Amino acid sequence: MVERALHAPLLSAPRVLERLLSAATAESARSHGRRSWVALDMDGTLFDNRPRTLAILHSFATAHRDTLPQLLAAVQKLTLDDLHYTPSQAIDALSLPQKDLGERFVSYWRDRFFTNSFQPLDHVEAGAAEFAHRLVDAGLGVVYLTGRDRPGMMHGVLQSLDAHGFPLMTPQAQVVLKPDFHLDDVAFKRAALVELVKNGPLVGLVDNEPGIVNMALEVLPETLCVRILRPHAPNPPRLDARAVQIPSFRLDVEFADMIATAD
Ligand SMILES: [Mg+2]
């Protein structure tokens, strides 16, 4: 279960969509018809990548089945809810006595997680493709702004977006990947946002990482910066109170804005 920050409002996806469309209408009037854009993160936002980690864990356990049969038995009982964010948390969830297992798995995981071949295992978030289409249908552009790297993951990115019916390969859809795997995600996205606004106003951004949402608000204080309530990196900063949160992209789930004053 991902905790929401009580000091930032929780809105339904239809409310966020409505606010994005109205911001785009206002920008269009101000900038003589210039297209507005919305940046959408992939990992932990449009896609749940825990199935990718679970599959790699199965592969790791199978490779060690002769020497560590108890590992495979334990892995077979895991569900997605046992996984949080980091691969070592996945191993911790097994509660096995071998102390070096976490380190060995992280190295095995790293060689596979950031590749093309395991990305098709990701689950798409319910309503995410429809949400993107509703933006495009209203004349906005969507930019998939992801920390996945171009050298290692570009084909998998395009395959996943295409397979799940996201707007792609049109003047209203753009994909921005890290040029180098080793770049820090926040620094990469900060630099990308500065460039992206040259294409037109960026009226919204959705990301699962509080650190990215906070950075976006620093760079673009007028942008509606949305945190989707999904697992995020450990030890996140306190979410900026100007951010809003959504429980999902589902446009069929409506509720009144939840606004509290403090955590
Ligand atoms: Mg993410």
# chains A, B, ... in the order shown; residues from 1 in each chain; ligands from 1
>>> closest_atom_pairs(of="chain A", to="ligand 1", cutoff="7 Å", atoms="only C-alpha atoms and all ligand atoms", output="Markdown table")
| residue | atom | partner | partner_atom_place_in_ligand_line | distance |
| --- | --- | --- | --- | --- |
| A:Asp41 | CA | ligand 1 | 1 (Mg) | 5.6 |
| A:Met42 | CA | ligand 1 | 1 (Mg) | 5.8 |
| A:Asp43 | CA | ligand 1 | 1 (Mg) | 4.1 |
| A:Gly44 | CA | ligand 1 | 1 (Mg) | 4.5 |
| A:Thr45 | CA | ligand 1 | 1 (Mg) | 5.6 |
| A:Asp207 | CA | ligand 1 | 1 (Mg) | 5.7 |
| A:Asn208 | CA | ligand 1 | 1 (Mg) | 5.1 |
| A:Glu209 | CA | ligand 1 | 1 (Mg) | 5.8 |
>>> residues_around(residues="A:Thr115", least_positions_apart="5", cutoff="10 Å", atoms="only C-alpha atoms", output="list in words")
Arg110, Arg148, Asp149, Arg150, Pro151, Gly152, Met153, Met154, His155, Gly156 and Val157 of chain A
>>> write_last_selection(atoms="C-alpha atoms", output="PDB file, in the first residue's frame")
ATOM      1  CA  ARG A 110      20.566  -5.144 -13.058  1.00  0.00           C
ATOM      2  CA  ARG A 148      14.623   4.267 -19.391  1.00  0.00           C
ATOM      3  CA  ASP A 149      17.726   4.684 -21.531  1.00  0.00           C
ATOM      4  CA  ARG A 150      17.807   4.848 -25.283  1.00  0.00           C
ATOM      5  CA  PRO A 151      20.818   2.549 -25.867  1.00  0.00           C
ATOM      6  CA  GLY A 152      19.417  -0.333 -23.821  1.00  0.00           C
ATOM      7  CA  MET A 153      15.655   0.078 -23.740  1.00  0.00           C
ATOM      8  CA  MET A 154      14.292   2.037 -26.720  1.00  0.00           C
ATOM      9  CA  HIS A 155      12.792  -0.930 -28.567  1.00  0.00           C
ATOM     10  CA  GLY A 156      11.069  -2.202 -25.452  1.00  0.00           C
ATOM     11  CA  VAL A 157       9.679   1.266 -24.721  1.00  0.00           C
TER      12      VAL A 157
END
>>> residues_around(residues="A:Leu78", least_positions_apart="5", cutoff="9 Å", atoms="only C-alpha atoms", output="list in words")
Leu54, Leu83, Ala90, Ala93 and Leu94 of chain A
>>> residues_around(residues="A:Val16", least_positions_apart="3", cutoff="9 Å", atoms="only C-alpha atoms", output="list in words")
Leu11, Ser12, Ala13, Arg19, Leu20, Leu21, Leu224, Val226, Val244 and Ile246 of chain A
>>> select_by_dssp(residues="stretch 56-206 of chain A", states="strand (DSSP E or B)", output="list in words")
His123, Val124, Gly141, Val142, Val143, Tyr144, Leu145, Thr146, Gly147, Arg148, Asp149, Ala173, Gln174, Val175, Val176, Leu177, Lys178, Leu202, Val203, Gly204, Leu205 and Val206 of chain A
>>> write_last_selection(atoms="C-alpha atoms", output="PDB file, in the first residue's frame")
ATOM      1  CA  HIS A 123       1.517  -4.393 -16.608  1.00  0.00           C
ATOM      2  CA  VAL A 124      -0.148  -1.295 -17.983  1.00  0.00           C
ATOM      3  CA  GLY A 141       0.410  16.509 -26.999  1.00  0.00           C
ATOM      4  CA  VAL A 142       1.743  13.768 -24.735  1.00  0.00           C
ATOM      5  CA  VAL A 143       5.418  13.276 -24.084  1.00  0.00           C
ATOM      6  CA  TYR A 144       6.555  10.033 -22.527  1.00  0.00           C
ATOM      7  CA  LEU A 145       9.379  11.276 -20.332  1.00  0.00           C
ATOM      8  CA  THR A 146      11.126   8.258 -18.902  1.00  0.00           C
ATOM      9  CA  GLY A 147      14.329   7.348 -17.154  1.00  0.00           C
ATOM     10  CA  ARG A 148      14.623   4.267 -19.391  1.00  0.00           C
ATOM     11  CA  ASP A 149      17.726   4.684 -21.531  1.00  0.00           C
ATOM     12  CA  ALA A 173       3.167  12.106 -29.221  1.00  0.00           C
ATOM     13  CA  GLN A 174       6.807  12.288 -28.333  1.00  0.00           C
ATOM     14  CA  VAL A 175       9.154   9.910 -26.497  1.00  0.00           C
ATOM     15  CA  VAL A 176      12.094  11.239 -24.498  1.00  0.00           C
ATOM     16  CA  LEU A 177      14.573   8.686 -23.169  1.00  0.00           C
ATOM     17  CA  LYS A 178      17.814   9.052 -21.246  1.00  0.00           C
ATOM     18  CA  LEU A 202       3.806  22.021 -20.523  1.00  0.00           C
ATOM     19  CA  VAL A 203       0.529  22.132 -18.619  1.00  0.00           C
ATOM     20  CA  GLY A 204       0.938  18.884 -16.713  1.00  0.00           C
ATOM     21  CA  LEU A 205       3.289  16.159 -15.573  1.00  0.00           C
ATOM     22  CA  VAL A 206       2.469  12.805 -13.969  1.00  0.00           C
TER      23      VAL A 206
END
